[in-house]
Amino acid sequence: TQWALAEALTQLEPGAAGTVLYPSGVAAIAGVLLTVLRPGDVLLMTDNAYEPSRAMGRGLLRDFGVETRWFDPTDLASFEAACCERTRCVLLGSPGSLTMEVQDVPALAAAAKARGIVSVLDNTWASPLGFAALAHGVDISVMSLTKHVSGHSDCMMGSASAGPEWYRKLRVRAQGLGNVVSPDDASLMLRGLRTMKLRLEAETASALAIAQWLEGRPEVARVLCPMLPGSPGHELWRRDFTGGCGLFSFVLKGGTSAARDALIDALGLFGIGYSWGGFESLATPVDPASIRTASAWPLVGMEPGDIFGVRLSIGLEDTADLIADLGRGLAAWAAQEGQA
């Protein structure tokens, strides 16, 4: 069963020679980095990376003698400036976690290759159905299968797909670390693969409609959705991607902590949770400015403390019902702020 899943994922990723399975997405990232890196190496990480990946750079990798440096995800010059003779690997994530910037992955991968740097992409947001990572120059494509592939939020797994050389190395290291998955979980992932394309199409259409609605709300300062014209990196998304997904964020125009709590508490259809990619819609309060190292994120004219973000994972509920639920949340926010 595990081999069947790995082979199916390999077929989804053009240019891949094989896929290695891991117990979770974080385990996949750790397994890949522990395969590529050695003590004394430097890892470059995009500044909008998934927080557990950032924590890995600050903790696990540091303990193994690896230095992590962050760079501005939207600035190729920032990447080039961060490179040094010891740079061995770059970890990309496009769109970025929480703030959803789309990176110029082909340009970054090409710049890395010219310097002998291994490029790794967290491709969970788009999956190979929406972005062919290896075909765009990336060496290793990582996914949290817990999200789109599962689709039902009932099992956890990660994967790494690569060409022949890195696939062999990843497989050997995964075996050495005891990274295995159960046949039951693999069967659930195979179940999810059968409907993933249809689910992604439905979630993307619903997410875009909701993003457009949020864009017209007076309470909202900015909508961060790659599929939405004007969102950071939208033109790159149009150029490089063949699909989207239901995950995006929006930023409110300030507000007290009581107003922020009122918004979240007023949501009835949206669940409150950190995961995403399942059939159930989720909302998560976020502070994007708190996970930046190399680049300043706050919107022009706003202080970091005035920013309240909400990340939405749009599921398969009726779009109008989800909009109505968000309307109740925004009304509660406005009432608490005295703006109703």
# chains A, B, ... in the order shown; residues from 1 in each chain; ligands from 1

call {"tool": "closest_atom_pairs", "arguments": {"of": "segment 218-285 of chain A", "to": "segment 321-326 of chain A", "cutoff": "10 Å", "atoms": "only C-alpha atoms", "output": "Markdown table"}}
result
| residue | atom | partner | partner_atom | distance |
| --- | --- | --- | --- | --- |
| A:Leu263 | CA | A:Leu326 | CA | 8.4 |
| A:Ile264 | CA | A:Leu326 | CA | 9.2 |
| A:Ala266 | CA | A:Asp325 | CA | 8.0 |
| A:Leu267 | CA | A:Asp325 | CA | 5.8 |
| A:Gly268 | CA | A:Asp325 | CA | 6.5 |
| A:Leu269 | CA | A:Asp325 | CA | 6.2 |
| A:Phe270 | CA | A:Leu322 | CA | 7.4 |
| A:Ser281 | CA | A:Leu322 | CA | 8.3 |
| A:Ala283 | CA | A:Leu326 | CA | 9.8 |

call {"tool": "write_last_selection", "arguments": {"atoms": "C-alpha atoms", "output": "JSON list (two decimals), in the first residue's frame"}}
result
[["chain", "number", "residue", "atom", "x", "y", "z"],
["A", 263, "LEU", "CA", -14.89, 38.24, 15.46],
["A", 264, "ILE", "CA", -13.52, 34.76, 16.07],
["A", 266, "ALA", "CA", -18.98, 34.95, 16.33],
["A", 267, "LEU", "CA", -18.01, 32.42, 13.67],
["A", 268, "GLY", "CA", -20.31, 29.44, 13.69],
["A", 269, "LEU", "CA", -19.70, 27.57, 10.45],
["A", 270, "PHE", "CA", -15.94, 28.03, 10.43],
["A", 281, "SER", "CA", -13.59, 25.37, 6.63],
["A", 283, "ALA", "CA", -10.29, 30.16, 10.59]]

call {"tool": "select_by_dssp", "arguments": {"residues": "segment 180-242 of chain A", "states": "helix (DSSP H, G or I)", "output": "NGL selection string"}}
result
:A and (183-215 or 234-240)

call {"tool": "write_last_selection", "arguments": {"atoms": "C-alpha atoms", "output": "compact mmCIF listing (two decimals), in the first residue's frame"}}
result
# COMPACT_ATOMS: atom_id res chain seq x y z
CA PRO A 183 -0.51 0.88 5.48
CA ASP A 184 -3.79 2.10 6.97
CA ASP A 185 -2.73 5.74 6.69
CA ALA A 186 -1.41 5.11 3.18
CA SER A 187 -4.78 3.68 2.16
CA LEU A 188 -6.52 6.80 3.49
CA MET A 189 -4.18 8.97 1.43
CA LEU A 190 -4.91 6.90 -1.67
CA ARG A 191 -8.61 7.46 -0.98
CA GLY A 192 -8.02 11.20 -0.82
CA LEU A 193 -6.06 11.25 -4.07
CA ARG A 194 -9.13 10.02 -5.93
CA THR A 195 -11.05 13.21 -5.18
CA MET A 196 -8.22 15.73 -4.70
CA LYS A 197 -8.54 17.40 -8.10
CA LEU A 198 -12.28 17.96 -7.70
CA ARG A 199 -11.90 19.19 -4.12
CA LEU A 200 -9.15 21.64 -5.05
CA GLU A 201 -11.19 23.06 -7.92
CA ALA A 202 -14.23 23.56 -5.68
CA GLU A 203 -12.20 25.06 -2.82
CA THR A 204 -10.34 27.41 -5.17
CA ALA A 205 -13.53 28.74 -6.75
CA SER A 206 -15.14 29.28 -3.35
CA ALA A 207 -12.00 30.89 -1.90
CA LEU A 208 -11.75 33.36 -4.78
CA ALA A 209 -15.40 34.37 -4.38
CA ILE A 210 -14.91 34.89 -0.64
CA ALA A 211 -11.67 36.83 -1.18
CA GLN A 212 -13.44 39.14 -3.63
CA TRP A 213 -16.23 39.70 -1.10
CA LEU A 214 -13.74 40.45 1.69
CA GLU A 215 -11.94 42.92 -0.57
CA HIS A 234 -0.51 37.38 -8.30
CA GLU A 235 1.27 37.85 -11.63
CA LEU A 236 3.78 35.14 -10.72
CA TRP A 237 0.88 32.88 -9.76
CA ARG A 238 -0.72 33.47 -13.17
CA ARG A 239 2.58 32.77 -14.91
CA ASP A 240 3.71 29.64 -13.07

call {"tool": "residues_around", "arguments": {"residues": "segment 44-51 of chain A", "least_positions_apart": "3", "cutoff": "8 Å", "atoms": "only C-alpha atoms", "output": "mmCIF file with N, CA and C atoms, in the first residue's frame"}}
result
data_model
loop_
_atom_site.group_PDB
_atom_site.id
_atom_site.type_symbol
_atom_site.label_atom_id
_atom_site.label_comp_id
_atom_site.auth_asym_id
_atom_site.auth_seq_id
_atom_site.Cartn_x
_atom_site.Cartn_y
_atom_site.Cartn_z
ATOM 1 N N ARG A 54 10.845 27.183 10.528
ATOM 2 C CA ARG A 54 11.688 28.207 11.141
ATOM 3 C C ARG A 54 12.243 27.707 12.468
ATOM 4 N N ALA A 55 11.377 27.064 13.254
ATOM 5 C CA ALA A 55 11.820 26.522 14.540
ATOM 6 C C ALA A 55 12.897 25.461 14.351
ATOM 7 N N THR A 68 21.334 28.723 9.970
ATOM 8 C CA THR A 68 20.199 29.103 9.127
ATOM 9 C C THR A 68 20.162 30.615 8.968
ATOM 10 N N ARG A 69 20.021 31.049 7.731
ATOM 11 C CA ARG A 69 19.870 32.468 7.432
ATOM 12 C C ARG A 69 18.567 32.666 6.671
ATOM 13 N N TRP A 70 17.885 33.781 6.958
ATOM 14 C CA TRP A 70 16.616 34.066 6.305
ATOM 15 C C TRP A 70 16.786 35.162 5.250
ATOM 16 N N PHE A 71 15.917 35.132 4.241
ATOM 17 C CA PHE A 71 15.978 36.153 3.198
ATOM 18 C C PHE A 71 14.568 36.570 2.802
ATOM 19 N N ASP A 72 14.462 37.762 2.222
ATOM 20 C CA ASP A 72 13.183 38.321 1.775
ATOM 21 C C ASP A 72 12.624 37.447 0.651
ATOM 22 N N PRO A 73 11.418 36.907 0.824
ATOM 23 C CA PRO A 73 10.877 35.978 -0.173
ATOM 24 C C PRO A 73 10.573 36.609 -1.525
ATOM 25 N N PHE A 79 18.222 37.029 -1.551
ATOM 26 C CA PHE A 79 18.732 35.653 -1.573
ATOM 27 C C PHE A 79 20.209 35.636 -1.935
ATOM 28 N N ALA A 82 22.490 36.747 0.791
ATOM 29 C CA ALA A 82 22.598 35.815 1.917
ATOM 30 C C ALA A 82 23.489 34.620 1.608
ATOM 31 N N CYS A 83 23.777 34.392 0.327
ATOM 32 C CA CYS A 83 24.602 33.238 -0.059
ATOM 33 C C CYS A 83 26.052 33.434 0.391
ATOM 34 N N THR A 87 27.006 27.899 1.874
ATOM 35 C CA THR A 87 25.583 27.675 1.626
ATOM 36 C C THR A 87 25.387 26.383 0.843
ATOM 37 N N CYS A 89 22.016 24.667 0.896
ATOM 38 C CA CYS A 89 20.615 24.380 0.589
ATOM 39 C C CYS A 89 19.768 25.627 0.788
ATOM 40 N N VAL A 90 18.693 25.745 -0.004
ATOM 41 C CA VAL A 90 17.707 26.807 0.194
ATOM 42 C C VAL A 90 16.340 26.157 0.313
ATOM 43 N N LEU A 91 15.589 26.566 1.338
ATOM 44 C CA LEU A 91 14.232 26.065 1.554
ATOM 45 C C LEU A 91 13.241 27.153 1.176
ATOM 46 N N LEU A 92 12.432 26.876 0.161
ATOM 47 C CA LEU A 92 11.422 27.808 -0.326
ATOM 48 C C LEU A 92 10.040 27.346 0.115
ATOM 49 N N GLY A 93 9.105 28.279 0.147
ATOM 50 C CA GLY A 93 7.706 27.959 0.419
ATOM 51 C C GLY A 93 6.840 28.952 -0.323
ATOM 52 N N GLY A 96 3.831 31.890 0.594
ATOM 53 C CA GLY A 96 4.366 31.845 1.939
ATOM 54 C C GLY A 96 3.301 31.569 2.983
ATOM 55 N N SER A 97 3.748 31.022 4.089
ATOM 56 C CA SER A 97 2.846 30.749 5.197
ATOM 57 C C SER A 97 2.309 32.063 5.765
ATOM 58 N N LEU A 98 1.035 32.144 5.981
ATOM 59 C CA LEU A 98 0.311 33.276 6.581
ATOM 60 C C LEU A 98 0.185 34.472 5.640
ATOM 61 N N THR A 99 1.307 34.951 5.054
ATOM 62 C CA THR A 99 1.249 36.175 4.257
ATOM 63 C C THR A 99 1.130 35.915 2.757
ATOM 64 N N GLU A 101 2.791 35.417 0.010
ATOM 65 C CA GLU A 101 3.535 35.924 -1.145
ATOM 66 C C GLU A 101 3.923 34.763 -2.064
ATOM 67 N N ILE A 291 6.693 36.460 12.870
ATOM 68 C CA ILE A 291 7.564 35.404 12.355
ATOM 69 C C ILE A 291 8.433 35.920 11.212
ATOM 70 N N ARG A 292 8.882 37.159 11.333
ATOM 71 C CA ARG A 292 9.771 37.729 10.325
ATOM 72 C C ARG A 292 11.149 37.993 10.935
ATOM 73 N N THR A 293 12.168 37.743 10.154
ATOM 74 C CA THR A 293 13.540 37.945 10.597
ATOM 75 C C THR A 293 14.288 38.887 9.664
ATOM 76 N N ALA A 294 14.196 38.642 8.360
ATOM 77 C CA ALA A 294 14.996 39.386 7.388
ATOM 78 C C ALA A 294 14.233 40.485 6.678
ATOM 79 N N SER A 295 12.919 40.466 6.757
ATOM 80 C CA SER A 295 12.123 41.440 6.003
ATOM 81 C C SER A 295 10.982 41.958 6.862
#

call {"tool": "select_by_dssp", "arguments": {"residues": "segment 94-185 of chain A", "states": "strand (DSSP E)", "output": "ChimeraX atom specification"}}
result
/A:118-122,140-144,158-162

call {"tool": "atom_distance", "arguments": {"atom1": "atom CA of Met100 of chain A", "atom2": "atom CA of Ser257 of chain A"}}
result
23.7 Å

call {"tool": "residues_around", "arguments": {"residues": "Leu61 of chain A", "least_positions_apart": "3", "cutoff": "9 Å", "atoms": "only C-alpha atoms", "output": "ChimeraX atom specification"}}
result
/A:30,33-34,37,39,56-58,64-68

call {"tool": "write_last_selection", "arguments": {"atoms": "C-alpha atoms", "output": "PDB file, in the first residue's frame"}}
result
ATOM      1  CA  ALA A  30      13.386  17.430   8.595  1.00  0.00           C
ATOM      2  CA  LEU A  33      17.258  18.742   5.350  1.00  0.00           C
ATOM      3  CA  LEU A  34      19.062  16.062   7.376  1.00  0.00           C
ATOM      4  CA  LEU A  37      22.957  19.279   5.087  1.00  0.00           C
ATOM      5  CA  PRO A  39      27.723  20.289  10.080  1.00  0.00           C
ATOM      6  CA  MET A  56      13.797  23.686  12.970  1.00  0.00           C
ATOM      7  CA  GLY A  57      16.386  26.192  11.805  1.00  0.00           C
ATOM      8  CA  ARG A  58      16.617  27.779  15.242  1.00  0.00           C
ATOM      9  CA  PHE A  64      23.589  19.673  14.364  1.00  0.00           C
ATOM     10  CA  GLY A  65      25.985  22.489  13.483  1.00  0.00           C
ATOM     11  CA  VAL A  66      23.980  24.024  10.639  1.00  0.00           C
ATOM     12  CA  GLU A  67      23.535  27.797  10.423  1.00  0.00           C
ATOM     13  CA  THR A  68      20.199  29.103   9.127  1.00  0.00           C
TER      14      THR A  68
END

call {"tool": "closest_residue", "arguments": {"among": "A:Gly338, A:Gly18, A:Gly246, A:Gly40", "to": "Gly163 of chain A", "atoms": "only C-alpha atoms"}}
result
A:Gly18

call {"tool": "decode", "arguments": {"residues": "segment 214-263 of chain A", "atoms": "N, CA and C atoms", "output": "PDB file, in the first residue's frame"}}
result
ATOM      1  N   LEU A 214     -14.485  39.817   0.600  1.00  0.00           N
ATOM      2  CA  LEU A 214     -13.740  40.451   1.686  1.00  0.00           C
ATOM      3  C   LEU A 214     -13.064  41.735   1.220  1.00  0.00           C
ATOM      4  N   GLU A 215     -12.631  41.753  -0.029  1.00  0.00           N
ATOM      5  CA  GLU A 215     -11.944  42.921  -0.567  1.00  0.00           C
ATOM      6  C   GLU A 215     -12.840  44.156  -0.552  1.00  0.00           C
ATOM      7  N   GLY A 216     -14.129  43.956  -0.611  1.00  0.00           N
ATOM      8  CA  GLY A 216     -15.060  45.073  -0.604  1.00  0.00           C
ATOM      9  C   GLY A 216     -15.566  45.462   0.770  1.00  0.00           C
ATOM     10  N   ARG A 217     -15.102  44.793   1.814  1.00  0.00           N
ATOM     11  CA  ARG A 217     -15.574  45.092   3.171  1.00  0.00           C
ATOM     12  C   ARG A 217     -14.770  46.236   3.782  1.00  0.00           C
ATOM     13  N   PRO A 218     -15.445  47.196   4.434  1.00  0.00           N
ATOM     14  CA  PRO A 218     -14.731  48.339   5.009  1.00  0.00           C
ATOM     15  C   PRO A 218     -13.837  47.964   6.188  1.00  0.00           C
ATOM     16  N   GLU A 219     -14.112  46.828   6.835  1.00  0.00           N
ATOM     17  CA  GLU A 219     -13.308  46.428   7.989  1.00  0.00           C
ATOM     18  C   GLU A 219     -11.953  45.844   7.589  1.00  0.00           C
ATOM     19  N   VAL A 220     -11.809  45.478   6.317  1.00  0.00           N
ATOM     20  CA  VAL A 220     -10.639  44.724   5.860  1.00  0.00           C
ATOM     21  C   VAL A 220      -9.611  45.650   5.208  1.00  0.00           C
ATOM     22  N   ALA A 221      -8.366  45.576   5.695  1.00  0.00           N
ATOM     23  CA  ALA A 221      -7.293  46.398   5.134  1.00  0.00           C
ATOM     24  C   ALA A 221      -6.684  45.770   3.890  1.00  0.00           C
ATOM     25  N   ARG A 222      -6.566  44.448   3.877  1.00  0.00           N
ATOM     26  CA  ARG A 222      -5.908  43.782   2.750  1.00  0.00           C
ATOM     27  C   ARG A 222      -6.312  42.318   2.704  1.00  0.00           C
ATOM     28  N   VAL A 223      -6.533  41.815   1.511  1.00  0.00           N
ATOM     29  CA  VAL A 223      -6.771  40.390   1.309  1.00  0.00           C
ATOM     30  C   VAL A 223      -5.528  39.802   0.662  1.00  0.00           C
ATOM     31  N   LEU A 224      -5.017  38.730   1.237  1.00  0.00           N
ATOM     32  CA  LEU A 224      -3.786  38.099   0.766  1.00  0.00           C
ATOM     33  C   LEU A 224      -4.132  36.750   0.160  1.00  0.00           C
ATOM     34  N   CYS A 225      -4.432  36.763  -1.128  1.00  0.00           N
ATOM     35  CA  CYS A 225      -4.893  35.568  -1.830  1.00  0.00           C
ATOM     36  C   CYS A 225      -4.231  35.529  -3.206  1.00  0.00           C
ATOM     37  N   PRO A 226      -3.349  34.573  -3.465  1.00  0.00           N
ATOM     38  CA  PRO A 226      -2.608  34.558  -4.733  1.00  0.00           C
ATOM     39  C   PRO A 226      -3.487  34.602  -5.972  1.00  0.00           C
ATOM     40  N   MET A 227      -4.696  34.034  -5.896  1.00  0.00           N
ATOM     41  CA  MET A 227      -5.566  34.021  -7.078  1.00  0.00           C
ATOM     42  C   MET A 227      -6.220  35.375  -7.334  1.00  0.00           C
ATOM     43  N   LEU A 228      -6.125  36.298  -6.377  1.00  0.00           N
ATOM     44  CA  LEU A 228      -6.820  37.580  -6.452  1.00  0.00           C
ATOM     45  C   LEU A 228      -5.924  38.643  -7.082  1.00  0.00           C
ATOM     46  N   PRO A 229      -6.352  39.284  -8.172  1.00  0.00           N
ATOM     47  CA  PRO A 229      -5.549  40.357  -8.767  1.00  0.00           C
ATOM     48  C   PRO A 229      -5.200  41.418  -7.728  1.00  0.00           C
ATOM     49  N   GLY A 230      -3.937  41.837  -7.717  1.00  0.00           N
ATOM     50  CA  GLY A 230      -3.484  42.832  -6.765  1.00  0.00           C
ATOM     51  C   GLY A 230      -2.861  42.248  -5.524  1.00  0.00           C
ATOM     52  N   SER A 231      -3.063  40.963  -5.282  1.00  0.00           N
ATOM     53  CA  SER A 231      -2.448  40.321  -4.128  1.00  0.00           C
ATOM     54  C   SER A 231      -0.964  40.101  -4.410  1.00  0.00           C
ATOM     55  N   PRO A 232      -0.104  40.109  -3.366  1.00  0.00           N
ATOM     56  CA  PRO A 232       1.339  39.948  -3.596  1.00  0.00           C
ATOM     57  C   PRO A 232       1.669  38.691  -4.399  1.00  0.00           C
ATOM     58  N   GLY A 233       2.322  38.886  -5.529  1.00  0.00           N
ATOM     59  CA  GLY A 233       2.737  37.750  -6.339  1.00  0.00           C
ATOM     60  C   GLY A 233       1.683  37.199  -7.270  1.00  0.00           C
ATOM     61  N   HIS A 234       0.562  37.914  -7.448  1.00  0.00           N
ATOM     62  CA  HIS A 234      -0.506  37.380  -8.302  1.00  0.00           C
ATOM     63  C   HIS A 234      -0.024  37.127  -9.728  1.00  0.00           C
ATOM     64  N   GLU A 235       0.791  38.031 -10.258  1.00  0.00           N
ATOM     65  CA  GLU A 235       1.268  37.853 -11.632  1.00  0.00           C
ATOM     66  C   GLU A 235       2.162  36.619 -11.748  1.00  0.00           C
ATOM     67  N   LEU A 236       2.960  36.357 -10.718  1.00  0.00           N
ATOM     68  CA  LEU A 236       3.777  35.140 -10.720  1.00  0.00           C
ATOM     69  C   LEU A 236       2.891  33.904 -10.639  1.00  0.00           C
ATOM     70  N   TRP A 237       1.824  34.001  -9.852  1.00  0.00           N
ATOM     71  CA  TRP A 237       0.885  32.876  -9.765  1.00  0.00           C
ATOM     72  C   TRP A 237       0.276  32.610 -11.144  1.00  0.00           C
ATOM     73  N   ARG A 238      -0.136  33.647 -11.826  1.00  0.00           N
ATOM     74  CA  ARG A 238      -0.717  33.472 -13.166  1.00  0.00           C
ATOM     75  C   ARG A 238       0.296  32.854 -14.131  1.00  0.00           C
ATOM     76  N   ARG A 239       1.548  33.247 -13.994  1.00  0.00           N
ATOM     77  CA  ARG A 239       2.581  32.767 -14.913  1.00  0.00           C
ATOM     78  C   ARG A 239       2.959  31.302 -14.668  1.00  0.00           C
ATOM     79  N   ASP A 240       3.098  30.931 -13.399  1.00  0.00           N
ATOM     80  CA  ASP A 240       3.709  29.640 -13.071  1.00  0.00           C
ATOM     81  C   ASP A 240       2.742  28.561 -12.620  1.00  0.00           C
ATOM     82  N   PHE A 241       1.585  28.949 -12.105  1.00  0.00           N
ATOM     83  CA  PHE A 241       0.687  27.978 -11.490  1.00  0.00           C
ATOM     84  C   PHE A 241      -0.437  27.584 -12.444  1.00  0.00           C
ATOM     85  N   THR A 242      -0.917  26.374 -12.268  1.00  0.00           N
ATOM     86  CA  THR A 242      -2.064  25.898 -13.045  1.00  0.00           C
ATOM     87  C   THR A 242      -3.295  25.701 -12.172  1.00  0.00           C
ATOM     88  N   GLY A 243      -3.207  26.070 -10.910  1.00  0.00           N
ATOM     89  CA  GLY A 243      -4.340  25.929 -10.003  1.00  0.00           C
ATOM     90  C   GLY A 243      -4.062  26.613  -8.685  1.00  0.00           C
ATOM     91  N   GLY A 244      -5.085  26.691  -7.853  1.00  0.00           N
ATOM     92  CA  GLY A 244      -4.951  27.311  -6.543  1.00  0.00           C
ATOM     93  C   GLY A 244      -5.419  26.372  -5.464  1.00  0.00           C
ATOM     94  N   CYS A 245      -5.834  26.949  -4.346  1.00  0.00           N
ATOM     95  CA  CYS A 245      -6.433  26.147  -3.279  1.00  0.00           C
ATOM     96  C   CYS A 245      -7.257  27.074  -2.391  1.00  0.00           C
ATOM     97  N   GLY A 246      -7.778  26.553  -1.316  1.00  0.00           N
ATOM     98  CA  GLY A 246      -8.685  27.314  -0.471  1.00  0.00           C
ATOM     99  C   GLY A 246      -8.033  28.075   0.657  1.00  0.00           C
ATOM    100  N   LEU A 247      -6.704  28.102   0.715  1.00  0.00           N
ATOM    101  CA  LEU A 247      -6.007  28.739   1.832  1.00  0.00           C
ATOM    102  C   LEU A 247      -5.580  30.156   1.471  1.00  0.00           C
ATOM    103  N   PHE A 248      -6.033  31.139   2.261  1.00  0.00           N
ATOM    104  CA  PHE A 248      -5.584  32.518   2.090  1.00  0.00           C
ATOM    105  C   PHE A 248      -5.818  33.275   3.389  1.00  0.00           C
ATOM    106  N   SER A 249      -5.350  34.516   3.447  1.00  0.00           N
ATOM    107  CA  SER A 249      -5.461  35.325   4.664  1.00  0.00           C
ATOM    108  C   SER A 249      -6.061  36.689   4.350  1.00  0.00           C
ATOM    109  N   PHE A 250      -6.542  37.342   5.400  1.00  0.00           N
ATOM    110  CA  PHE A 250      -6.915  38.751   5.261  1.00  0.00           C
ATOM    111  C   PHE A 250      -6.517  39.487   6.524  1.00  0.00           C
ATOM    112  N   VAL A 251      -6.335  40.799   6.386  1.00  0.00           N
ATOM    113  CA  VAL A 251      -5.868  41.636   7.483  1.00  0.00           C
ATOM    114  C   VAL A 251      -6.919  42.687   7.787  1.00  0.00           C
ATOM    115  N   LEU A 252      -7.270  42.809   9.063  1.00  0.00           N
ATOM    116  CA  LEU A 252      -8.247  43.803   9.499  1.00  0.00           C
ATOM    117  C   LEU A 252      -7.585  45.154   9.737  1.00  0.00           C
ATOM    118  N   LYS A 253      -8.394  46.196   9.754  1.00  0.00           N
ATOM    119  CA  LYS A 253      -7.890  47.544  10.001  1.00  0.00           C
ATOM    120  C   LYS A 253      -7.759  47.770  11.502  1.00  0.00           C
ATOM    121  N   GLY A 254      -6.720  47.188  12.067  1.00  0.00           N
ATOM    122  CA  GLY A 254      -6.474  47.363  13.493  1.00  0.00           C
ATOM    123  C   GLY A 254      -7.503  46.658  14.343  1.00  0.00           C
ATOM    124  N   GLY A 255      -7.918  47.320  15.418  1.00  0.00           N
ATOM    125  CA  GLY A 255      -8.911  46.736  16.308  1.00  0.00           C
ATOM    126  C   GLY A 255      -8.331  46.337  17.646  1.00  0.00           C
ATOM    127  N   THR A 256      -9.162  46.419  18.687  1.00  0.00           N
ATOM    128  CA  THR A 256      -8.737  46.007  20.017  1.00  0.00           C
ATOM    129  C   THR A 256      -8.734  44.487  20.113  1.00  0.00           C
ATOM    130  N   SER A 257      -8.091  43.982  21.154  1.00  0.00           N
ATOM    131  CA  SER A 257      -8.076  42.531  21.355  1.00  0.00           C
ATOM    132  C   SER A 257      -9.485  42.009  21.588  1.00  0.00           C
ATOM    133  N   ALA A 258     -10.336  42.823  22.238  1.00  0.00           N
ATOM    134  CA  ALA A 258     -11.719  42.403  22.474  1.00  0.00           C
ATOM    135  C   ALA A 258     -12.480  42.273  21.159  1.00  0.00           C
ATOM    136  N   ALA A 259     -12.234  43.209  20.230  1.00  0.00           N
ATOM    137  CA  ALA A 259     -12.898  43.144  18.927  1.00  0.00           C
ATOM    138  C   ALA A 259     -12.428  41.929  18.135  1.00  0.00           C
ATOM    139  N   ARG A 260     -11.150  41.643  18.244  1.00  0.00           N
ATOM    140  CA  ARG A 260     -10.608  40.483  17.535  1.00  0.00           C
ATOM    141  C   ARG A 260     -11.205  39.187  18.075  1.00  0.00           C
ATOM    142  N   ASP A 261     -11.313  39.119  19.400  1.00  0.00           N
ATOM    143  CA  ASP A 261     -11.923  37.934  20.010  1.00  0.00           C
ATOM    144  C   ASP A 261     -13.387  37.811  19.599  1.00  0.00           C
ATOM    145  N   ALA A 262     -14.067  38.956  19.509  1.00  0.00           N
ATOM    146  CA  ALA A 262     -15.487  38.936  19.144  1.00  0.00           C
ATOM    147  C   ALA A 262     -15.677  38.381  17.741  1.00  0.00           C
ATOM    148  N   LEU A 263     -14.789  38.746  16.829  1.00  0.00           N
ATOM    149  CA  LEU A 263     -14.886  38.235  15.460  1.00  0.00           C
ATOM    150  C   LEU A 263     -14.770  36.713  15.445  1.00  0.00           C
TER     151      LEU A 263
END
